[in-house]
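Take a look at the structure below.
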Amino acid sequence: MTGLYWGDLVLLVLVCSGVAALALLWIARTASEPAAPVENIRSVSPDGLVFLLDGTNLRDVSPDAEALIEDIIDDDGWTRIGKVLRPRFPELPRSIETFSGSGRCDYADGDHGDPARLSVEWNNGIIRLEVIEPSDASGNAIRQHVEAVQITEQSMAREAMESAPYPVWQIGDDSMPRWHNPAYDVLRNKLGISENEPVFDLGEIDRVKTGKIRTSVSVDSGKQTAWFDVFVSRAEDRSFCYAVNVDMVVNAEVARRNFVQTLTKTFAELSSGLAIFDRNRQLALFNPALIDLTALSAEFLSARPNLLSFFDRLRDNRMMPEPKDYKSWREQIADLVASARNGDYVETWTLPSGPTYKVSGRPHPDGAIAFLIEDISAEVSLTRRFRSELEQGQSLLDALDDALVVFSSTGILTLSNTAYRDLWRTDPDSSFVDMTILDAIRHFQTQCQATPLFGELRDYVLDCTERAEWDGLVRMNCGHELVCGVHPISNGATLVRFQKNSETPLIRKAQRTITAETA
């Protein structure tokens with residue numbers, strides 16, 4: 001058994017030594033053989049399509065290959081070859097970096113039935129490409145290549161038409177369909193139209209070379225309507241038609257039209273004038289009130305004047321304040337547009353003819369600007385009349401000898417006359433904050449002898465229940481004696497009157513004398 005073991009071991013060593021010797025011999029022989037030089041393609045392969053590249057530079061081509069690429073202008077030889085071969089062999093890499101080192105591979109287009117193959121060999125940057133046609137192929141290599149490309153493109157176009165989600169069909173001069181894709185069949189079956197009838201009524205559009213028509217078809221037995229844009233491309237005696245469903249577009253247009261009509265009706269009922277200028281500063285929208293307020297004609301506004309022309313016409317019609325000079329006027333309009341774009345333009349125009357307008361500018365989407373013109377003449381007149389009445393009432397109070405002061409139901413001092421300010425040497429109008437009954441009483445107490453009247457006055461002013469008139473006496477530190485009369489007035493306010501005491505008694509509804517002695 002030991003002898004058998006040693007025999008097997010010797011045999012294994014001999015076999016391994018032989019294999020190693022053969023490997024070394026093959027390596028040495030290969031290393032001693034020089035690399036085969038790259039020969040000129042014209043002398044080796046005068047026929048067929050053969051290309052030789054040195055990197056991206058086109059080194060040599062066969063005559064037929066040269067005829068194919070001579071019209072392709074590009075500095076990159078690999079790009080020129082790709083434009084010729086890739087339509088037939090789409091798997092050909094777009095980057096030449098794929099062919100680094102050395103190797104060989106074939107590319108074929110089995111998807112469209114082309115039996116030819118593209119053979120690519122490369123070694124240290126030298127790349128050789130050759131189109132190998134089948135053995136039974138006959139004819140010129142260029143013609144075979146062009147026909148194969150056309151067959152591939154036709155097959156791809158057919159696949160694209162067959163898989164298109166939109167109806168595509170061909171019609172003749174009689175407008176009857178000659179060919180159509182499956183999407184056309186789906187729509188025709190959905191509408192219940194026979195195969196010999198057209199799905200769409202194209203009218204006169206098939207008589208022109210190209211065109212587009214928007215048409216509708218009834219769906220679900222007329223319960224719904226589907227809208228399509230049909231594009232027609234005419235060639236000789238036939239036309240190709242392409243239909244795209246535009247239901248969403250039509251619905252959006254209808255919604256937009258309804259919205260604009262609603263806005264138009266709303267704007268028409270506004271008493272304020274509205275003028276909207278688009279991003280090009282052309283008048284895009286106006287309402288009837290603008291005509292009434294500005295005295296601009298409807299013809300002028302309908303012509304869509306630009307913004308400067310609009311304000312120039314307002315100035316000419318004396319419907320806005322007159323500028324000092326034309327240059328400052330242009331600068332004023334530029335500032336007006338800039339302010340309106342920021343949304344902070346608000347001005348009051350007092351017109352020479354008497355009316356007063358409030359003009360405001362607001363930015364709108366897509367760069368548009370809207371101007372709103374309001375007639376505030378009535379408000380201004382009312383404000384002026386109210387201010388005049390207030391001034392007249394204040395003058396009347398100031399003409400009285402008695403010191404008068406009014407407190408609101410919350411105890412805020414709202415009104416006083418000159419006699420009050422002189423008597424107590426205070427001016428409530430100059431205070432930064434509202435003066436209250438508590439502030440007034442503290443001020444009274446600094447100038448009067450102690451008396452419970454001021455506490456009674458405080459409670460009376462802040463009392464919201466039904467109240468009656470009353471009065472009392474207070475003595476100032478200087479010795480003067482005052483009659484303090486308290487009267488309830490409207491809205492819960494209280495009128496307090498300080499009158500110098502005299503021998504003539506005052507007529508009152510209720511009288512109460514409070515002196516320091518009864519405290």
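Letters A, B, ... go to the chains of the structure tokens in the order shown; residues in each chain start at 1; ligands are counted from 1 in the same order.
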
Identify, on the basis of only C-alpha atoms, every residue whose closest approach to stretch 458-474 of chain A does not exceed 10 Å; exclude the query and any residue fewer than 3 positions from it along the same chain; express the result as a short mmCIF file (atom, residue, chain, number, x, y, z; two decimals) with N, CA and C atoms, in the first residue's frame.
data_model
loop_
_atom_site.label_atom_id
_atom_site.label_comp_id
_atom_site.auth_asym_id
_atom_site.auth_seq_id
_atom_site.Cartn_x
_atom_site.Cartn_y
_atom_site.Cartn_z
N VAL A 406 -65.67 117.58 30.61
CA VAL A 406 -66.54 116.44 30.34
C VAL A 406 -65.72 115.16 30.48
N PHE A 407 -66.29 114.19 31.23
CA PHE A 407 -65.68 112.87 31.38
C PHE A 407 -66.58 111.82 30.75
N SER A 408 -65.97 110.85 30.06
CA SER A 408 -66.75 109.77 29.44
C SER A 408 -67.20 108.77 30.49
N SER A 409 -68.01 107.80 30.07
CA SER A 409 -68.53 106.80 31.01
C SER A 409 -67.41 105.95 31.61
N THR A 410 -66.26 105.92 30.94
CA THR A 410 -65.11 105.16 31.48
C THR A 410 -64.16 106.04 32.27
N GLY A 411 -64.51 107.32 32.44
CA GLY A 411 -63.70 108.21 33.25
C GLY A 411 -62.62 108.93 32.49
N ILE A 412 -62.64 108.93 31.16
CA ILE A 412 -61.64 109.62 30.36
C ILE A 412 -62.07 111.06 30.13
N THR A 436 -57.57 110.94 33.11
CA THR A 436 -58.76 110.31 33.67
C THR A 436 -59.31 111.14 34.82
N ILE A 437 -60.47 110.71 35.32
CA ILE A 437 -61.08 111.37 36.47
C ILE A 437 -60.18 111.30 37.70
N LEU A 438 -59.44 110.19 37.82
CA LEU A 438 -58.52 110.05 38.97
C LEU A 438 -57.39 111.06 38.86
N ALA A 440 -57.53 113.93 37.29
CA ALA A 440 -58.10 115.27 37.51
C ALA A 440 -58.32 115.52 39.00
N ILE A 441 -58.85 114.53 39.73
CA ILE A 441 -59.13 114.72 41.16
C ILE A 441 -57.82 114.92 41.93
N PHE A 444 -57.00 118.42 41.39
CA PHE A 444 -57.87 119.30 42.19
C PHE A 444 -57.41 119.35 43.64
N CYS A 448 -56.90 122.53 46.36
CA CYS A 448 -58.10 122.77 47.17
C CYS A 448 -57.91 122.21 48.56
N GLN A 449 -58.72 122.74 49.47
CA GLN A 449 -58.75 122.18 50.82
C GLN A 449 -59.46 120.83 50.79
N ALA A 450 -59.17 120.05 51.81
CA ALA A 450 -59.72 118.69 51.85
C ALA A 450 -61.24 118.73 51.88
N THR A 451 -61.87 117.86 51.07
CA THR A 451 -63.33 117.76 51.00
C THR A 451 -63.72 116.40 50.45
N PRO A 452 -64.81 115.84 50.99
CA PRO A 452 -65.25 114.53 50.46
C PRO A 452 -65.94 114.65 49.10
N LEU A 453 -66.11 115.88 48.59
CA LEU A 453 -66.82 116.05 47.32
C LEU A 453 -66.12 115.34 46.17
N PHE A 454 -64.77 115.38 46.18
CA PHE A 454 -64.05 114.77 45.06
C PHE A 454 -64.23 113.25 45.02
N GLY A 455 -64.35 112.63 46.20
CA GLY A 455 -64.63 111.20 46.22
C GLY A 455 -66.01 110.89 45.68
N ASN A 477 -57.10 126.68 47.82
CA ASN A 477 -56.07 127.10 48.79
C ASN A 477 -55.87 128.60 48.78
N GLY A 479 -58.23 130.71 48.68
CA GLY A 479 -59.35 131.33 49.36
C GLY A 479 -60.61 131.43 48.54
N HIS A 480 -60.54 131.22 47.24
CA HIS A 480 -61.74 131.30 46.41
C HIS A 480 -62.64 130.11 46.69
N GLU A 481 -63.93 130.38 46.69
CA GLU A 481 -64.92 129.32 46.89
C GLU A 481 -65.62 129.06 45.56
N LEU A 482 -65.71 127.78 45.20
CA LEU A 482 -66.29 127.38 43.92
C LEU A 482 -67.51 126.53 44.14
N VAL A 483 -68.47 126.71 43.26
CA VAL A 483 -69.63 125.83 43.23
C VAL A 483 -69.36 124.77 42.16
N CYS A 484 -69.31 123.53 42.57
CA CYS A 484 -69.06 122.41 41.63
C CYS A 484 -70.39 121.78 41.27
N GLY A 485 -70.84 121.97 40.02
CA GLY A 485 -72.09 121.40 39.55
C GLY A 485 -71.82 120.16 38.69
N VAL A 486 -72.51 119.08 38.97
CA VAL A 486 -72.31 117.81 38.26
C VAL A 486 -73.60 117.46 37.52
N HIS A 487 -73.50 117.22 36.18
CA HIS A 487 -74.67 116.98 35.36
C HIS A 487 -74.45 115.73 34.49
N PRO A 488 -75.36 114.79 34.50
CA PRO A 488 -75.25 113.64 33.58
C PRO A 488 -75.67 114.06 32.17
N ILE A 489 -74.93 113.62 31.18
CA ILE A 489 -75.29 113.91 29.79
C ILE A 489 -75.36 112.59 29.01
N ASN A 491 -74.91 109.21 26.60
CA ASN A 491 -73.93 108.13 26.49
C ASN A 491 -73.15 107.89 27.77
N GLY A 492 -73.76 108.22 28.91
CA GLY A 492 -73.13 107.95 30.21
C GLY A 492 -72.05 108.92 30.59
N ALA A 493 -71.86 110.01 29.82
CA ALA A 493 -70.83 110.99 30.14
C ALA A 493 -71.30 111.92 31.25
N THR A 494 -70.35 112.67 31.80
CA THR A 494 -70.64 113.58 32.92
C THR A 494 -70.03 114.94 32.64
N LEU A 495 -70.86 116.01 32.81
CA LEU A 495 -70.38 117.38 32.69
C LEU A 495 -70.16 117.94 34.09
N VAL A 496 -68.93 118.44 34.33
CA VAL A 496 -68.60 119.04 35.62
C VAL A 496 -68.34 120.53 35.37
N ARG A 497 -69.06 121.40 36.17
CA ARG A 497 -68.93 122.84 36.00
C ARG A 497 -68.45 123.47 37.29
N PHE A 498 -67.43 124.30 37.17
CA PHE A 498 -66.90 125.02 38.33
C PHE A 498 -67.23 126.50 38.14
N GLN A 499 -68.00 127.03 39.12
CA GLN A 499 -68.47 128.42 39.04
C GLN A 499 -68.14 129.13 40.34
N LYS A 500 -67.64 130.36 40.23
CA LYS A 500 -67.33 131.11 41.43
C LYS A 500 -68.61 131.37 42.22
N ASN A 501 -68.57 131.17 43.55
CA ASN A 501 -69.74 131.32 44.39
C ASN A 501 -70.14 132.78 44.48
N LEU A 506 -78.20 129.37 42.72
CA LEU A 506 -78.36 128.66 41.45
C LEU A 506 -79.62 127.83 41.47
N ARG A 508 -81.42 124.52 40.63
CA ARG A 508 -80.97 123.16 40.40
C ARG A 508 -82.14 122.20 40.58
N LYS A 509 -82.04 121.06 39.96
CA LYS A 509 -83.02 120.00 40.18
C LYS A 509 -82.79 119.34 41.52
N ALA A 510 -81.54 119.23 41.94
CA ALA A 510 -81.21 118.64 43.24
C ALA A 510 -80.03 119.42 43.78
N GLN A 511 -80.06 119.76 45.09
CA GLN A 511 -79.02 120.59 45.67
C GLN A 511 -78.49 119.92 46.91
N ARG A 512 -77.16 119.91 47.00
CA ARG A 512 -76.55 119.32 48.19
C ARG A 512 -75.29 120.10 48.49
N THR A 513 -75.22 120.64 49.70
CA THR A 513 -74.08 121.46 50.09
C THR A 513 -73.16 120.62 50.95
N ILE A 514 -71.92 120.52 50.47
CA ILE A 514 -70.93 119.74 51.21
C ILE A 514 -69.77 120.67 51.51
N THR A 515 -69.46 120.85 52.75
CA THR A 515 -68.37 121.74 53.15
C THR A 515 -67.35 120.94 53.93
N ALA A 516 -66.26 121.59 54.17
CA ALA A 516 -65.19 120.90 54.88
C ALA A 516 -65.57 120.64 56.33
#

Task: One-decimal distance in Å that lies between atom CA of A:Pro305 and atom CA of A:Phe259 - done: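 Straight-line distance from atom CA of A:Phe259 to atom CA of A:Pro305 works out to 24.4 Å.
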
Task: Closest of A:Gly172, A:Gly101, A:Pro182, A:Pro198 to A:Ala235 - atom-to-atom distances counting only C-alpha atoms - done: A:Gly172

Task: Contacts of A:Leu307 at 8 Å (only C-alpha atoms; same-chain gap of 6+ positions) as an MDAnalysis selection string - done: chainID A and resid 277 281:283

N, CA and C atoms of the current selection, written as a tab-separated table (two decimals), in the first residue's frame:
chain	number	residue	atom	x	y	z
A	277	PHE	N	-53.70	97.63	-15.65
A	277	PHE	CA	-52.70	97.67	-16.72
A	277	PHE	C	-51.86	96.39	-16.65
A	281	ARG	N	-47.82	97.55	-19.48
A	281	ARG	CA	-48.42	98.84	-19.13
A	281	ARG	C	-49.46	99.29	-20.14
A	282	GLN	N	-50.20	98.32	-20.71
A	282	GLN	CA	-51.35	98.61	-21.56
A	282	GLN	C	-52.62	98.38	-20.74
A	283	LEU	N	-53.62	99.23	-20.95
A	283	LEU	CA	-54.88	99.09	-20.24
A	283	LEU	C	-55.55	97.78	-20.65

TODO: Taking the chain letters and numbering used in this document, name the residues of stretch 238-458 of chain A that DSSP puts in helix (DSSP H, G or I), as a PyMOL selection string.
DONE: chain A and resi 247-269+288-294+298-302+307-316+326-342+365-367+377-398+418-424+428-430+437-447+453-458

Open item on the list: If I take atom CA of A:Arg304 and atom CA of A:Val250, how far is one from the other in Å, to one decimal?
Closed with: 27.4 Å

Open item on the list: I'd like the contact shell of A:Arg178 - 10 Å cut-off, only C-alpha atoms, skipping same-chain residues fewer than 5 positions apart - returned as a list of chain:residue names.
Closed with: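 Those residues are A:Trp169, A:Gln170, A:Ile171, A:Gly172, A:Asn196, A:Arg238, A:Ser239, A:Phe240.
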
Would you put the residues from that selection into a file with N, CA and C atoms, as a PDB file, in the first residue's frame?
ATOM      1  N   TRP A 169     -54.532  58.445 -37.579  1.00  0.00           N
ATOM      2  CA  TRP A 169     -55.110  57.773 -38.729  1.00  0.00           C
ATOM      3  C   TRP A 169     -54.749  58.512 -40.009  1.00  0.00           C
ATOM      4  N   GLN A 170     -54.963  57.816 -41.125  1.00  0.00           N
ATOM      5  CA  GLN A 170     -54.685  58.377 -42.440  1.00  0.00           C
ATOM      6  C   GLN A 170     -55.991  58.456 -43.220  1.00  0.00           C
ATOM      7  N   ILE A 171     -56.188  59.579 -43.922  1.00  0.00           N
ATOM      8  CA  ILE A 171     -57.398  59.759 -44.707  1.00  0.00           C
ATOM      9  C   ILE A 171     -57.013  60.130 -46.138  1.00  0.00           C
ATOM     10  N   GLY A 172     -57.927  59.878 -47.062  1.00  0.00           N
ATOM     11  CA  GLY A 172     -57.742  60.270 -48.456  1.00  0.00           C
ATOM     12  C   GLY A 172     -58.511  61.527 -48.768  1.00  0.00           C
ATOM     13  N   ASN A 196     -66.437  52.077 -41.223  1.00  0.00           N
ATOM     14  CA  ASN A 196     -66.387  52.833 -42.472  1.00  0.00           C
ATOM     15  C   ASN A 196     -66.759  54.298 -42.305  1.00  0.00           C
ATOM     16  N   ARG A 238     -53.069  62.123 -49.686  1.00  0.00           N
ATOM     17  CA  ARG A 238     -53.459  61.569 -48.387  1.00  0.00           C
ATOM     18  C   ARG A 238     -53.045  62.541 -47.281  1.00  0.00           C
ATOM     19  N   SER A 239     -53.641  62.353 -46.137  1.00  0.00           N
ATOM     20  CA  SER A 239     -53.341  63.204 -44.977  1.00  0.00           C
ATOM     21  C   SER A 239     -53.229  62.341 -43.744  1.00  0.00           C
ATOM     22  N   PHE A 240     -52.343  62.737 -42.851  1.00  0.00           N
ATOM     23  CA  PHE A 240     -52.205  62.071 -41.562  1.00  0.00           C
ATOM     24  C   PHE A 240     -52.814  62.963 -40.493  1.00  0.00           C
TER      25      PHE A 240
END

Open item on the list: Set the distance at 7 Å and use only C-alpha atoms: which residues neighbour A:Phe371 once local chain neighbours fewer than 3 positions away are removed? I'd like the list as a list in words.
Closed with: Leu274, Ala275, Ile276, Val359, Ser360, Gly361 and Arg362 of chain A

Task: Nearest candidate to A:Ser381 (options A:Asn251, A:Ser221, A:Ser416, A:Thr356; using only C-alpha atoms) - done: A:Thr356

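Closest approach to A:Val249 among A:Thr98, A:Ala338, A:Phe228, A:Ile213: A:Phe228, based on only C-alpha atoms.
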
Task: Nearest-residue call for A:Val168, choices A:Ser100, A:Thr215, A:Tyr242, A:Thr266, using only C-alpha atoms - done: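 Using only C-alpha atoms, the shortest distance to A:Val168 belongs to A:Tyr242.
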
Task: Nearest to A:Pro167, chosen from A:Val246, A:Val199, A:Met435, A:Ala370, with only C-alpha atoms counted in the distances - done: A:Val199

Open item on the list: Here is a test: counting only C-alpha atoms, which residue of A:Thr79, A:Gln445, A:Thr418, A:Thr383 is nearest to A:Leu397?
Closed with: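 Of A:Thr79, A:Gln445, A:Thr418, A:Thr383, the one nearest A:Leu397 is A:Thr418, counting only C-alpha atoms.
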
TODO: Between atom CA of A:Lys358 and atom CA of A:Ala378, measure the distance and give it in Å to one decimal.
DONE: 11.9 Å

TODO: Just the residues within 9 Å of A:Arg94, please, counting only C-alpha atoms, with nothing from its chain fewer than 3 positions along; format it as a VMD selection string.
DONE: chain A and resid 78 to 79 82 86 91 97 to 98

Keeping N, CA and C atoms for every residue in the selection just given, could you write it to a file as a short mmCIF file (atom, residue, chain, number, x, y, z; two decimals), in the first residue's frame?
data_model
loop_
_atom_site.label_atom_id
_atom_site.label_comp_id
_atom_site.auth_asym_id
_atom_site.auth_seq_id
_atom_site.Cartn_x
_atom_site.Cartn_y
_atom_site.Cartn_z
N TRP A 78 -15.25 59.53 -33.92
CA TRP A 78 -16.19 58.59 -33.31
C TRP A 78 -17.63 59.10 -33.42
N THR A 79 -17.82 60.42 -33.31
CA THR A 79 -19.16 60.99 -33.46
C THR A 79 -19.67 60.81 -34.88
N GLY A 82 -20.69 57.24 -35.33
CA GLY A 82 -21.91 56.94 -34.60
C GLY A 82 -23.15 57.41 -35.33
N ARG A 86 -25.16 54.09 -35.75
CA ARG A 86 -26.06 53.89 -34.61
C ARG A 86 -27.53 53.75 -35.00
N GLU A 91 -27.09 49.67 -30.21
CA GLU A 91 -26.35 49.28 -29.01
C GLU A 91 -24.90 49.76 -29.06
N GLU A 97 -14.62 55.42 -24.65
CA GLU A 97 -13.87 54.89 -23.50
C GLU A 97 -14.22 53.43 -23.24
N THR A 98 -15.32 52.94 -23.82
CA THR A 98 -15.70 51.54 -23.64
C THR A 98 -14.64 50.60 -24.21
#
